[in-house]
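S.K.: Pasting query.cif below, which is mmCIF, C-alpha atoms.
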data_query
#
loop_
_atom_site.label_atom_id
_atom_site.label_comp_id
_atom_site.auth_asym_id
_atom_site.auth_seq_id
_atom_site.Cartn_x
_atom_site.Cartn_y
_atom_site.Cartn_z
CA GLY N 1 0.00 0.00 0.00
CA PRO N 2 1.05 3.66 -0.12
CA ASP N 3 2.00 3.69 3.57
CA SER N 4 4.29 0.59 3.56
CA TYR N 5 6.65 -1.32 1.30
CA LYS N 6 8.15 -4.88 1.09
CA THR N 7 11.78 -5.94 0.97
CA LEU N 8 12.86 -9.46 -0.13
CA LEU N 9 15.80 -10.97 1.77
CA LEU N 10 17.54 -14.12 0.32
CA ALA N 11 19.27 -16.36 2.89
CA ARG N 12 22.09 -17.96 0.78
CA SER N 13 22.70 -20.96 3.05
CA ASP N 14 19.27 -22.53 2.72
CA LYS N 15 17.85 -20.47 -0.11
CA VAL N 16 14.85 -19.53 1.99
CA VAL N 17 13.20 -16.34 0.90
CA GLN N 18 11.91 -14.14 3.73
CA THR N 19 9.56 -11.25 3.27
CA VAL N 20 9.81 -8.33 5.68
CA THR N 21 7.24 -5.53 5.72
CA VAL N 22 8.56 -2.13 6.80
CA SER N 23 6.26 0.82 7.55
CA PRO N 24 7.42 4.43 7.54
CA THR N 25 7.72 6.28 10.86
CA PRO N 26 4.26 7.66 11.74
CA THR N 27 3.90 11.40 11.97
CA ALA N 28 1.73 13.30 14.42
CA PRO N 29 -1.63 14.35 12.96
CA GLU N 30 -2.08 17.97 12.10
CA PRO N 31 -4.03 19.83 14.81
CA PRO N 32 -7.49 20.92 13.70
CA PRO N 33 -7.54 24.52 12.50
CA SER N 34 -8.73 27.04 15.06
CA THR N 35 -11.60 29.27 14.05
CA PRO N 36 -12.60 32.58 15.61
CA TRP N 37 -15.20 32.38 18.33
CA SER N 38 -18.59 33.85 17.35
CA PRO N 39 -21.43 35.26 19.50
CA ILE N 40 -23.85 33.05 17.59
CA LEU N 41 -22.64 30.23 19.88
CA LEU N 42 -24.48 31.97 22.76
CA SER N 43 -27.75 32.27 20.80
CA PRO N 44 -28.26 36.05 20.96
CA ALA N 45 -31.80 37.41 20.85
CA PHE N 46 -30.60 40.26 18.61
CA TRP N 47 -27.29 40.97 16.89
CA VAL N 48 -26.27 43.64 14.41
CA ASN N 49 -22.79 44.64 13.28
CA GLU N 50 -20.93 46.25 10.41
CA SER N 51 -21.44 43.42 7.96
CA ALA N 52 -25.04 43.55 6.80
CA GLY N 53 -27.84 45.95 6.02
CA THR N 54 -28.49 49.40 4.62
CA ALA N 55 -28.98 52.83 6.17
CA GLY N 56 -32.70 52.09 6.47
CA SER N 57 -32.46 48.48 7.61
CA TRP N 58 -29.84 47.02 9.97
CA THR N 59 -29.87 43.26 9.42
CA ASP N 60 -30.28 41.05 12.48
CA LEU N 61 -27.66 38.27 12.43
CA SER N 62 -29.14 36.29 15.34
CA ASN N 63 -31.25 34.02 13.08
CA ASN N 64 -34.36 35.61 14.64
CA VAL N 65 -35.00 38.03 11.73
CA ARG N 66 -35.47 41.07 13.98
CA HIS N 67 -34.14 43.70 11.62
CA ALA N 68 -33.97 47.29 12.89
CA VAL N 69 -35.55 49.62 10.33
CA GLN N 70 -36.26 53.26 9.56
CA ALA N 71 -38.45 54.01 6.56
CA THR N 72 -38.04 57.80 6.68
CA THR N 73 -34.90 58.65 4.71
CA ASN N 74 -33.87 61.76 6.66
CA ARG N 75 -34.10 59.78 9.91
CA GLN N 76 -31.74 57.02 8.85
CA PRO N 77 -28.29 56.94 10.51
CA ALA N 78 -25.40 57.29 8.07
CA ILE N 79 -23.12 54.33 7.39
CA ILE N 80 -19.52 55.47 7.89
CA SER N 81 -17.09 53.03 6.26
CA ALA N 82 -13.72 52.17 7.84
CA ALA N 83 -14.55 54.24 10.93
CA GLN N 84 -12.82 51.96 13.44
CA ASN N 85 -10.26 49.23 12.72
CA GLY N 86 -11.35 49.25 9.08
CA LEU N 87 -14.98 48.50 9.95
CA ALA N 88 -18.14 50.51 9.33
CA VAL N 89 -20.37 52.07 11.99
CA ARG N 90 -23.83 53.67 12.05
CA ARG N 91 -23.62 57.40 12.85
CA PHE N 92 -26.62 58.93 14.62
CA ASP N 93 -27.01 62.71 14.29
CA GLY N 94 -28.62 63.50 17.66
CA SER N 95 -31.49 65.25 15.88
CA ASN N 96 -33.96 62.63 14.65
CA ASP N 97 -32.06 59.46 13.64
CA GLY N 98 -33.33 56.18 14.99
CA LEU N 99 -34.00 52.53 14.15
CA GLN N 100 -36.66 50.22 15.56
CA THR N 101 -37.42 46.51 15.50
CA ALA N 102 -40.79 44.85 15.69
CA ALA N 103 -41.69 43.81 19.21
CA PHE N 104 -39.89 40.70 20.43
CA PRO N 105 -39.67 38.91 23.79
CA LEU N 106 -36.77 39.42 26.16
CA ASN N 107 -36.39 37.68 29.51
CA THR N 108 -36.31 39.81 32.65
CA GLN N 109 -32.78 38.50 33.14
CA PHE N 110 -30.70 39.71 30.19
CA THR N 111 -27.32 40.93 28.93
CA VAL N 112 -26.52 43.71 26.47
CA PHE N 113 -23.27 44.75 24.73
CA LEU N 114 -22.58 47.71 22.44
CA MET N 115 -19.48 48.95 20.63
CA ALA N 116 -20.10 52.68 20.53
CA LYS N 117 -18.96 56.20 21.24
CA SER N 118 -20.81 59.45 21.91
CA THR N 119 -20.07 62.71 20.11
CA THR N 120 -21.89 65.25 22.29
CA GLY N 121 -24.40 65.05 25.14
CA THR N 122 -25.57 61.49 24.83
CA LYS N 123 -29.22 60.54 24.95
CA PHE N 124 -30.62 57.06 24.35
CA LEU N 125 -28.31 54.48 22.78
CA LEU N 126 -30.69 51.55 23.23
CA GLU N 127 -34.13 50.91 24.69
CA HIS N 128 -36.36 47.87 25.00
CA GLY N 129 -39.85 48.91 25.98
CA ALA N 130 -39.00 51.24 28.88
CA ASN N 131 -41.04 54.03 27.31
CA SER N 132 -43.40 52.32 24.89
CA ASN N 133 -44.16 49.87 27.69
CA THR N 134 -43.82 51.91 30.89
CA SER N 135 -44.28 48.88 33.13
CA ASP N 136 -41.31 46.86 31.92
CA GLY N 137 -38.13 47.35 29.93
CA PHE N 138 -34.66 48.89 30.04
CA PHE N 139 -32.62 51.67 28.49
CA PHE N 140 -28.99 52.73 28.04
CA ALA N 141 -28.45 56.46 28.00
CA GLY N 142 -24.71 57.14 28.26
CA THR N 143 -24.13 60.60 29.75
CA TYR N 144 -27.83 61.28 30.08
CA ALA N 145 -29.02 62.18 33.60
CA ASN N 146 -30.09 58.61 34.41
CA ALA N 147 -27.37 56.67 32.62
CA TRP N 148 -29.34 53.44 32.61
CA ASN N 149 -32.60 52.15 33.96
CA VAL N 150 -34.47 48.87 34.30
CA ARG N 151 -38.21 48.93 34.90
CA ARG N 152 -40.15 46.04 36.30
CA SER N 153 -43.85 45.97 37.19
CA GLY N 154 -44.27 49.70 36.69
CA ALA N 155 -41.39 50.84 38.91
CA ILE N 156 -37.69 51.56 38.50
CA HIS N 157 -36.17 48.29 39.59
CA ALA N 158 -32.50 48.97 38.93
CA GLY N 159 -30.64 52.20 38.35
CA PRO N 160 -27.02 53.33 38.50
CA SER N 161 -25.04 54.07 41.64
CA ASN N 162 -23.23 56.90 39.79
CA SER N 163 -25.63 58.11 37.12
CA GLY N 164 -23.63 61.28 36.49
CA THR N 165 -20.59 59.35 35.31
CA ASP N 166 -19.79 59.50 31.61
CA TRP N 167 -19.63 55.78 31.07
CA SER N 168 -19.80 55.90 27.27
CA GLY N 169 -17.23 58.58 26.42
CA THR N 170 -16.07 60.23 23.21
CA ASN N 171 -13.77 57.34 22.21
CA TYR N 172 -14.92 53.96 20.96
CA ALA N 173 -15.53 51.52 23.81
CA VAL N 174 -17.37 48.29 24.53
CA LEU N 175 -20.26 48.90 26.91
CA GLY N 176 -22.13 46.12 28.66
CA MET N 177 -24.87 45.48 31.17
CA THR N 178 -26.17 42.36 32.87
CA TYR N 179 -29.36 42.19 34.88
CA THR N 180 -30.57 39.51 37.25
CA THR N 181 -31.62 40.86 40.66
CA ASN N 182 -29.81 44.14 40.09
CA GLY N 183 -28.04 45.69 37.15
CA ASN N 184 -24.29 45.77 36.65
CA LEU N 185 -22.70 48.14 34.16
CA TYR N 186 -19.32 47.51 32.49
CA LYS N 187 -17.02 49.48 30.21
CA ASP N 188 -14.23 47.64 28.36
CA GLY N 189 -14.49 44.68 30.71
CA VAL N 190 -14.29 46.76 33.89
CA PHE N 191 -17.15 47.18 36.36
CA VAL N 192 -18.44 50.78 36.34
CA ALA N 193 -21.61 50.84 38.42
CA GLY N 194 -24.21 48.68 40.11
CA SER N 195 -27.68 49.48 41.35
CA ASP N 196 -27.81 52.24 43.94
CA ALA N 197 -29.50 51.73 47.31
CA THR N 198 -32.76 53.27 46.09
CA HIS N 199 -32.96 51.01 43.06
CA THR N 200 -31.72 47.73 44.51
CA GLY N 201 -34.38 45.21 43.64
CA THR N 202 -35.48 41.80 44.77
CA THR N 203 -35.02 38.58 42.88
CA ARG N 204 -37.10 38.54 39.72
CA SER N 205 -38.57 35.50 38.08
CA ASN N 206 -37.18 34.99 34.61
CA SER N 207 -40.39 35.83 32.75
CA SER N 208 -40.57 37.32 29.29
CA ILE N 209 -41.28 40.91 28.18
CA SER N 210 -42.29 41.71 24.61
CA ALA N 211 -41.49 45.18 23.27
CA THR N 212 -39.80 46.98 20.40
CA LEU N 213 -36.05 47.57 20.51
CA ASN N 214 -35.19 51.20 19.75
CA ILE N 215 -31.67 52.10 18.63
CA GLY N 216 -30.43 55.67 19.04
CA THR N 217 -33.76 56.94 20.33
CA ARG N 218 -36.43 56.59 22.98
CA ASN N 219 -39.56 54.98 21.54
CA ASN N 220 -38.37 56.05 18.07
CA SER N 221 -39.54 59.59 18.79
CA SER N 222 -37.31 61.48 21.28
CA ASN N 223 -34.03 61.58 23.25
CA PHE N 224 -31.95 61.04 20.12
CA PHE N 225 -28.39 59.70 20.41
CA ASN N 226 -25.47 61.66 18.95
CA GLY N 227 -22.62 59.32 18.11
CA ASP N 228 -21.60 56.02 16.53
CA ILE N 229 -22.71 52.43 17.10
CA GLY N 230 -20.82 49.61 15.40
CA GLU N 231 -22.24 46.48 17.00
CA ILE N 232 -25.08 45.50 19.34
CA LEU N 233 -25.61 42.15 21.06
CA VAL N 234 -28.69 41.42 23.17
CA PHE N 235 -28.97 38.12 25.04
CA SER N 236 -32.17 36.93 26.68
CA SER N 237 -30.28 35.61 29.69
CA ALA N 238 -27.78 36.81 32.27
CA LEU N 239 -24.44 35.62 30.86
CA ASN N 240 -21.93 34.17 33.31
CA THR N 241 -18.40 35.49 33.77
CA THR N 242 -16.85 33.11 31.23
CA GLU N 243 -19.41 34.08 28.60
CA ILE N 244 -18.98 37.80 29.31
CA ASP N 245 -15.22 37.41 28.89
CA LEU N 246 -15.76 35.69 25.53
CA VAL N 247 -17.98 38.49 24.22
CA ASN N 248 -15.57 41.15 25.45
CA GLY N 249 -12.63 39.34 23.85
CA TYR N 250 -14.48 38.97 20.57
CA LEU N 251 -15.56 42.64 20.42
CA HIS N 252 -12.27 44.18 21.56
CA HIS N 253 -10.13 42.21 19.11
CA LYS N 254 -12.53 42.71 16.23
CA TRP N 255 -12.80 46.47 16.73
CA GLY N 256 -9.12 47.07 17.58
CA LEU N 257 -9.77 47.99 21.21
CA THR N 258 -7.62 45.47 23.10
CA ALA N 259 -5.63 48.32 24.68
CA ASN N 260 -8.81 49.17 26.60
CA LEU N 261 -9.03 45.75 28.27
CA PRO N 262 -7.53 45.38 31.76
CA SER N 263 -4.16 43.63 31.88
CA GLY N 264 -5.53 40.49 33.52
CA HIS N 265 -8.32 39.88 31.03
CA PRO N 266 -8.13 36.32 29.56
CA TYR N 267 -8.36 37.68 26.00
CA LYS N 268 -6.13 40.69 26.38
CA ILE N 269 -3.49 39.23 24.02
CA ASN N 270 -5.30 36.65 21.88
CA PRO N 271 -8.90 36.53 20.67
CA PRO N 272 -11.20 33.69 21.74
CA LEU N 273 -11.12 30.65 19.43
CA VAL N 274 -13.08 27.44 19.07
#
Would it be possible to restate this file's structure as structure tokens?
M.R.:
Amino acid sequence: GPDSYKTLLLARSDKVVQTVTVSPTPTAPEPPPSTPWSPILLSPAFWVNESAGTAGSWTDLSNNVRHAVQATTNRQPAIISAAQNGLAVRRFDGSNDGLQTAAFPLNTQFTVFLMAKSTTGTKFLLEHGANSNTSDGFFFAGTYANAWNVRRSGAIHAGPSNSGTDWSGTNYAVLGMTYTTNGNLYKDGVFVAGSDATHTGTTRSNSSISATLNIGTRNNSSNFFNGDIGEILVFSSALNTTEIDLVNGYLHHKWGLTANLPSGHPYKINPPLV
């Protein structure tokens, strides 16, 4: 066969022919190729990035077909190519730009990530039902007076311990929030704020809330965001520490922001692989 060969040896004294089979030295198998880790492995409820869509329709990559749309041309955020690490972002003008999905369910325990930066006084980056459904929902609002807010059963259930802090900033950063009993806010993998004493809640059952997701605006009608958004990930669960590290590693390497990660982060040097 191709992996062995035969040698004939003739013993002269008794004229006996012996056949010896010799195989080549085996070599170690090639390791399987490593592929970049993808958020799709965590089954996001909603995911948009630089890769798909138009100014009027930001394509949802989560397999849930929850595209964020804006039919009015002069309200569509501009697509700015090669804005950060060679990748495109959506630029919101702070005047009337905004995108909105159809209503979709989101568990009361959830996780959100954005790659974004604000240009001037930031209003709403992201909202799920906190205004259109005043009983339940959440919003991110950057440097706005109440930087973030989670409503449950008609009351503010989680709010920031330092709402005056500029947690978005004028440089690109990865912003994240997890919510279970209380909310925790992160910037570039570092904890920024938890719920203050007034807004510390009790354990919530993991029920589902259905509402529209508004990007760059509150209820697609006010509090317009001025700045850039390159990627949004919404998970309908509270991710654990390992999963949060994976998402942070993925986003920071992809968007050229690894210098922002703390020195001890597991993906400070190399991106996550599978």
S.K.: Given all atoms listed in the file as the basis, pick out the residue of N:Thr217, N:Ser81, N:Asn226, N:Ser208 nearest to Glu127 of chain N.
M.R.: N:Thr217
S.K.: Name the residues that the PyMOL selection byres ((chain N and resi 58-67) around 8) pulls out of this structure, and write them as a list in words.
M.R.: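 Selected by the PyMOL selection byres ((chain N and resi 58-67) around 8) here: Ile40, Ser43, Pro44, Ala45, Phe46, Trp47, Val48, Ala52, Gly53, Thr54, Ala55, Gly56, Ser57, Ala68, Val69, Thr101, Ala102 and Phe104 of chain N.
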S.K.: Convert the output of the PyMOL selection byres ((chain N and resi 189) around 10) on the shown file into explicit residues, formatted as a list in words.
M.R.: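 Taken on the displayed file, the PyMOL selection byres ((chain N and resi 189) around 10) yields the residues Ala173, Val174, Leu175, Gly176, Leu185, Tyr186, Lys187, Asp188, Val190, Phe191, Val192, Ile244, Asp245, Val247, Asn248, Gly249, His252, Asn260, Leu261, Pro262 and His265 of chain N.
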S.K.: Check the smallest atom-to-atom distance from each of N:Tyr179, N:Phe139, N:Phe124, N:Trp255 to Ser95 of chain N using all atoms listed in the file, then report the winner.
M.R.: N:Phe124
S.K.: Just say which residues the PyMOL selection byres ((chain N and resi 240) around 12) picks in this file, as a PDB file with C-alpha atoms, keeping the file's coordinate frame.
M.R.:
ATOM      1  CA  LEU N  42     -24.480  31.970  22.760  1.00  0.00           C
ATOM      2  CA  GLN N 109     -32.780  38.500  33.140  1.00  0.00           C
ATOM      3  CA  PHE N 110     -30.700  39.710  30.190  1.00  0.00           C
ATOM      4  CA  THR N 111     -27.320  40.930  28.930  1.00  0.00           C
ATOM      5  CA  MET N 177     -24.870  45.480  31.170  1.00  0.00           C
ATOM      6  CA  THR N 178     -26.170  42.360  32.870  1.00  0.00           C
ATOM      7  CA  TYR N 179     -29.360  42.190  34.880  1.00  0.00           C
ATOM      8  CA  THR N 180     -30.570  39.510  37.250  1.00  0.00           C
ATOM      9  CA  PHE N 235     -28.970  38.120  25.040  1.00  0.00           C
ATOM     10  CA  SER N 237     -30.280  35.610  29.690  1.00  0.00           C
ATOM     11  CA  ALA N 238     -27.780  36.810  32.270  1.00  0.00           C
ATOM     12  CA  LEU N 239     -24.440  35.620  30.860  1.00  0.00           C
ATOM     13  CA  THR N 241     -18.400  35.490  33.770  1.00  0.00           C
ATOM     14  CA  THR N 242     -16.850  33.110  31.230  1.00  0.00           C
ATOM     15  CA  GLU N 243     -19.410  34.080  28.600  1.00  0.00           C
ATOM     16  CA  ILE N 244     -18.980  37.800  29.310  1.00  0.00           C
ATOM     17  CA  ASP N 245     -15.220  37.410  28.890  1.00  0.00           C
ATOM     18  CA  LEU N 246     -15.760  35.690  25.530  1.00  0.00           C
ATOM     19  CA  VAL N 247     -17.980  38.490  24.220  1.00  0.00           C
TER      20      VAL N 247
END
